[in-house]
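**Q** Input structure: run07.pdb, which contains PDB, C-alpha atoms, pLDDT in the B column.
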```
ATOM      1  CA  MET A   1     -17.584 -17.586 -33.632  1.00 62.00           C
ATOM      2  CA  SER A   2     -18.606 -16.893 -30.039  1.00 71.00           C
ATOM      3  CA  VAL A   3     -17.166 -14.170 -27.843  1.00 66.00           C
ATOM      4  CA  THR A   4     -15.577 -16.778 -25.575  1.00 67.00           C
ATOM      5  CA  SER A   5     -13.768 -18.526 -28.389  1.00 68.00           C
ATOM      6  CA  PHE A   6     -12.630 -15.152 -29.773  1.00 67.00           C
ATOM      7  CA  PHE A   7     -10.983 -14.161 -26.474  1.00 64.00           C
ATOM      8  CA  SER A   8      -9.674 -17.691 -25.936  1.00 67.00           C
ATOM      9  CA  SER A   9      -7.590 -17.294 -29.065  1.00 68.00           C
ATOM     10  CA  PHE A  10      -5.719 -14.416 -27.371  1.00 67.00           C
ATOM     11  CA  PHE A  11      -5.612 -15.570 -23.747  1.00 67.00           C
ATOM     12  CA  ASN A  12      -4.917 -18.882 -22.063  1.00 66.00           C
ATOM     13  CA  THR A  13      -7.852 -20.538 -20.376  1.00 63.00           C
ATOM     14  CA  VAL A  14      -7.371 -21.256 -16.681  1.00 62.00           C
ATOM     15  CA  HIS A  15      -9.711 -23.544 -14.814  1.00 60.00           C
ATOM     16  CA  GLY A  16     -10.121 -23.080 -11.061  1.00 61.00           C
ATOM     17  CA  ASP A  17     -11.020 -26.723 -10.527  1.00 64.00           C
ATOM     18  CA  ALA A  18      -7.837 -28.073 -12.102  1.00 54.00           C
ATOM     19  CA  PRO A  19      -5.799 -30.251  -9.698  1.00 60.00           C
ATOM     20  CA  GLU A  20      -2.493 -28.876  -8.515  1.00 61.00           C
ATOM     21  CA  GLU A  21       0.618 -30.432  -9.956  1.00 63.00           C
ATOM     22  CA  LYS A  22       2.680 -32.259  -7.383  1.00 62.00           C
ATOM     23  CA  GLN A  23       6.458 -32.156  -7.385  1.00 57.00           C
ATOM     24  CA  PRO A  24       8.289 -35.453  -7.440  1.00 59.00           C
ATOM     25  CA  GLU A  25       9.501 -36.464  -3.991  1.00 59.00           C
ATOM     26  CA  ASP A  26      13.192 -36.322  -4.887  1.00 56.00           C
ATOM     27  CA  GLU A  27      12.950 -32.630  -5.866  1.00 54.00           C
ATOM     28  CA  THR A  28      11.218 -31.800  -2.592  1.00 51.00           C
ATOM     29  CA  LYS A  29      14.010 -33.460  -0.600  1.00 53.00           C
ATOM     30  CA  GLU A  30      16.666 -31.511  -2.516  1.00 52.00           C
ATOM     31  CA  GLU A  31      14.920 -28.224  -1.678  1.00 52.00           C
ATOM     32  CA  GLU A  32      14.808 -29.140   2.026  1.00 53.00           C
ATOM     33  CA  VAL A  33      18.527 -29.969   2.042  1.00 50.00           C
ATOM     34  CA  ALA A  34      19.325 -26.673   0.325  1.00 49.00           C
ATOM     35  CA  GLU A  35      17.316 -24.753   2.912  1.00 52.00           C
ATOM     36  CA  VAL A  36      19.061 -26.412   5.863  1.00 53.00           C
ATOM     37  CA  GLY A  37      22.590 -26.253   4.453  1.00 52.00           C
ATOM     38  CA  GLU A  38      22.625 -22.631   3.325  1.00 52.00           C
ATOM     39  CA  PRO A  39      21.849 -19.501   5.336  1.00 53.00           C
ATOM     40  CA  SER A  40      18.684 -17.883   4.110  1.00 53.00           C
ATOM     41  CA  LYS A  41      18.928 -14.786   1.982  1.00 55.00           C
ATOM     42  CA  GLU A  42      16.520 -12.991   4.276  1.00 55.00           C
ATOM     43  CA  SER A  43      18.873 -13.231   7.246  1.00 52.00           C
ATOM     44  CA  GLU A  44      21.769 -11.955   5.136  1.00 53.00           C
ATOM     45  CA  GLU A  45      19.924  -8.794   4.206  1.00 64.00           C
ATOM     46  CA  GLU A  46      20.234  -5.827   6.478  1.00 71.00           C
ATOM     47  CA  GLU A  47      17.188  -4.894   8.484  1.00 78.00           C
ATOM     48  CA  GLU A  48      15.136  -2.189   6.870  1.00 77.00           C
ATOM     49  CA  ALA A  49      15.448   1.248   8.367  1.00 76.00           C
ATOM     50  CA  GLU A  50      12.368   2.656  10.081  1.00 84.00           C
ATOM     51  CA  ASP A  51      10.065   4.600   7.757  1.00 86.00           C
ATOM     52  CA  ILE A  52      10.273   8.250   8.763  1.00 89.00           C
ATOM     53  CA  HIS A  53       7.571   9.433   6.354  1.00 90.00           C
ATOM     54  CA  PRO A  54       4.582   9.007   8.737  1.00 92.00           C
ATOM     55  CA  THR A  55       6.439  10.833  11.497  1.00 92.00           C
ATOM     56  CA  ILE A  56       7.326  13.747   9.224  1.00 93.00           C
ATOM     57  CA  ILE A  57       3.757  13.933   7.862  1.00 93.00           C
ATOM     58  CA  GLU A  58       2.338  14.100  11.409  1.00 94.00           C
ATOM     59  CA  GLU A  59       4.803  16.870  12.323  1.00 93.00           C
ATOM     60  CA  CYS A  60       3.795  18.796   9.215  1.00 94.00           C
ATOM     61  CA  LYS A  61       0.054  18.352   9.878  1.00 94.00           C
ATOM     62  CA  ASN A  62       0.584  19.975  13.271  1.00 93.00           C
ATOM     63  CA  SER A  63       2.883  22.725  11.959  1.00 93.00           C
ATOM     64  CA  ALA A  64       1.730  26.339  11.804  1.00 93.00           C
ATOM     65  CA  ALA A  65       1.284  26.166   8.033  1.00 91.00           C
ATOM     66  CA  CYS A  66      -1.085  23.164   8.047  1.00 95.00           C
ATOM     67  CA  ALA A  67      -2.683  23.265  11.507  1.00 95.00           C
ATOM     68  CA  SER A  68      -5.746  25.237  10.373  1.00 95.00           C
ATOM     69  CA  LEU A  69      -6.377  22.810   7.490  1.00 95.00           C
ATOM     70  CA  THR A  70      -5.995  19.844   9.848  1.00 95.00           C
ATOM     71  CA  ARG A  71      -8.496  21.339  12.304  1.00 96.00           C
ATOM     72  CA  HIS A  72     -10.914  22.084   9.457  1.00 95.00           C
ATOM     73  CA  PHE A  73     -10.677  18.482   8.203  1.00 95.00           C
ATOM     74  CA  GLU A  74     -11.164  17.030  11.697  1.00 95.00           C
ATOM     75  CA  HIS A  75     -14.197  19.300  12.276  1.00 95.00           C
ATOM     76  CA  CYS A  76     -15.682  18.146   8.970  1.00 93.00           C
ATOM     77  CA  GLN A  77     -15.098  14.488   9.895  1.00 94.00           C
ATOM     78  CA  GLU A  78     -16.788  14.952  13.281  1.00 94.00           C
ATOM     79  CA  LYS A  79     -19.756  16.711  11.663  1.00 92.00           C
ATOM     80  CA  VAL A  80     -20.234  14.024   8.990  1.00 92.00           C
ATOM     81  CA  GLN A  81     -19.793  11.105  11.416  1.00 91.00           C
ATOM     82  CA  SER A  82     -22.323  12.550  13.849  1.00 91.00           C
ATOM     83  CA  GLY A  83     -24.889  12.935  11.045  1.00 89.00           C
ATOM     84  CA  GLN A  84     -25.024  16.735  11.126  1.00 89.00           C
ATOM     85  CA  GLY A  85     -23.605  17.136   7.627  1.00 82.00           C
ATOM     86  CA  PHE A  86     -25.537  17.460   4.410  1.00 85.00           C
ATOM     87  CA  LYS A  87     -26.856  14.326   2.716  1.00 87.00           C
ATOM     88  CA  GLY A  88     -23.989  12.711   0.790  1.00 86.00           C
ATOM     89  CA  GLU A  89     -21.426  15.100   2.239  1.00 87.00           C
ATOM     90  CA  ASP A  90     -17.874  13.866   2.595  1.00 90.00           C
ATOM     91  CA  CYS A  91     -14.652  15.576   3.513  1.00 91.00           C
ATOM     92  CA  VAL A  92     -12.624  14.767   0.423  1.00 94.00           C
ATOM     93  CA  GLU A  93     -11.872  18.399  -0.399  1.00 95.00           C
ATOM     94  CA  GLU A  94     -10.701  19.073   3.144  1.00 94.00           C
ATOM     95  CA  LEU A  95      -8.595  15.908   3.146  1.00 95.00           C
ATOM     96  CA  TYR A  96      -7.025  16.843  -0.180  1.00 96.00           C
ATOM     97  CA  SER A  97      -6.156  20.350   1.039  1.00 95.00           C
ATOM     98  CA  MET A  98      -4.664  19.059   4.298  1.00 95.00           C
ATOM     99  CA  MET A  99      -2.608  16.317   2.605  1.00 95.00           C
ATOM    100  CA  HIS A 100      -1.380  18.707  -0.103  1.00 96.00           C
ATOM    101  CA  CYS A 101      -0.110  21.049   2.576  1.00 96.00           C
ATOM    102  CA  ALA A 102       1.447  18.231   4.612  1.00 95.00           C
ATOM    103  CA  ASP A 103       3.138  16.717   1.543  1.00 95.00           C
ATOM    104  CA  ALA A 104       4.523  20.094   0.469  1.00 95.00           C
ATOM    105  CA  CYS A 105       5.927  20.564   3.972  1.00 94.00           C
ATOM    106  CA  ALA A 106       7.304  17.012   4.272  1.00 94.00           C
ATOM    107  CA  ALA A 107       8.924  16.641   0.845  1.00 93.00           C
ATOM    108  CA  PRO A 108      12.050  18.746   1.473  1.00 93.00           C
ATOM    109  CA  LYS A 109      12.542  17.202   4.931  1.00 91.00           C
ATOM    110  CA  LEU A 110      12.088  13.671   3.638  1.00 89.00           C
ATOM    111  CA  PHE A 111      14.393  13.971   0.642  1.00 88.00           C
ATOM    112  CA  SER A 112      17.127  15.580   2.729  1.00 89.00           C
ATOM    113  CA  LYS A 113      17.138  12.496   4.988  1.00 84.00           C
ATOM    114  CA  LEU A 114      17.256   9.878   2.210  1.00 78.00           C
ATOM    115  CA  LYS A 115      20.538   8.099   1.566  1.00 65.00           C
TER
END
```
Would you put the structure from the file into structure tokens?

**A**
Amino acid sequence: MSVTSFFSSFFNTVHGDAPEEKQPEDETKEEEVAEVGEPSKESEEEEEAEDIHPTIIEECKNSAACASLTRHFEHCQEKVQSGQGFKGEDCVEELYSMMHCADACAAPKLFSKLK
């Protein structure tokens, strides 16, 4: 028993070159009539409210508590992008520290504004 036949017994085999199945013409016409006759569900839904999370995160990054971490991360990014950093250096630790601070600051503000 080959590996392929073993896995084929558990999973369906899908071929990328298989032709697509076409719907009969009468079903296609019924769908078009339904779309024209009924208002779409998308228009019935209310518009989504604007996401306030990015705004709150930016405010928190610039707050007194996180400003030093933000400056440290930006300095690290500038140093690495200009080639002055160590070989293989990245700013993951600085990013993590900055985002942890910003998330801790934003969480109470964000959850107080949720419906």

**Q** Quick one: residues within 12 Å of Lys109 of chain A, all atoms listed in the file, excluding same-chain residues fewer than 4 positions away - as an NGL selection string?

**A** :A and (52-53 or 55-57 or 59-60 or 102-105 or 113-114)

**Q** Between A:Cys91, A:Ser82, A:Ser112, A:Ala107, which is the closest to Leu69 of chain A once you count only C-alpha atoms?

**A**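 Once distances to Leu69 of chain A are computed over only C-alpha atoms, the minimum belongs to A:Cys91.
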
**Q** Looking at all atoms listed in the file, which of A:Val80, A:Cys101, A:Leu110, A:Leu95 is the one that sits closest to Asn62 of chain A?

**A**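 Between A:Val80, A:Cys101, A:Leu110, A:Leu95, the residue approaching Asn62 of chain A most closely is A:Cys101.
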
**Q** To one decimal place, how far is atom CA of Cys66 of chain A from atom CA of Met98 of chain A in Å?

**A**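 We find that atom CA of Cys66 of chain A and atom CA of Met98 of chain A lie 6.6 Å from each other.
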
**Q** Rounded to one decimal place, report the atom CA of Lys79 of chain A-atom CA of Val92 of chain A distance in Å.

**A** 13.5 Å

**Q** What separation in Å, quoted to one decimal, exists between atom CA of Thr70 of chain A and atom CA of Glu89 of chain A?

**A**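 It comes out at 17.8 Å.
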
**Q** From the options A:Glu58, A:Glu48, A:Ser63, A:Ser68, which residue's atoms come nearest to Glu94 of chain A, counting all atoms listed in the file?

**A**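 So, comparing all the options, the nearest one is A:Ser68.
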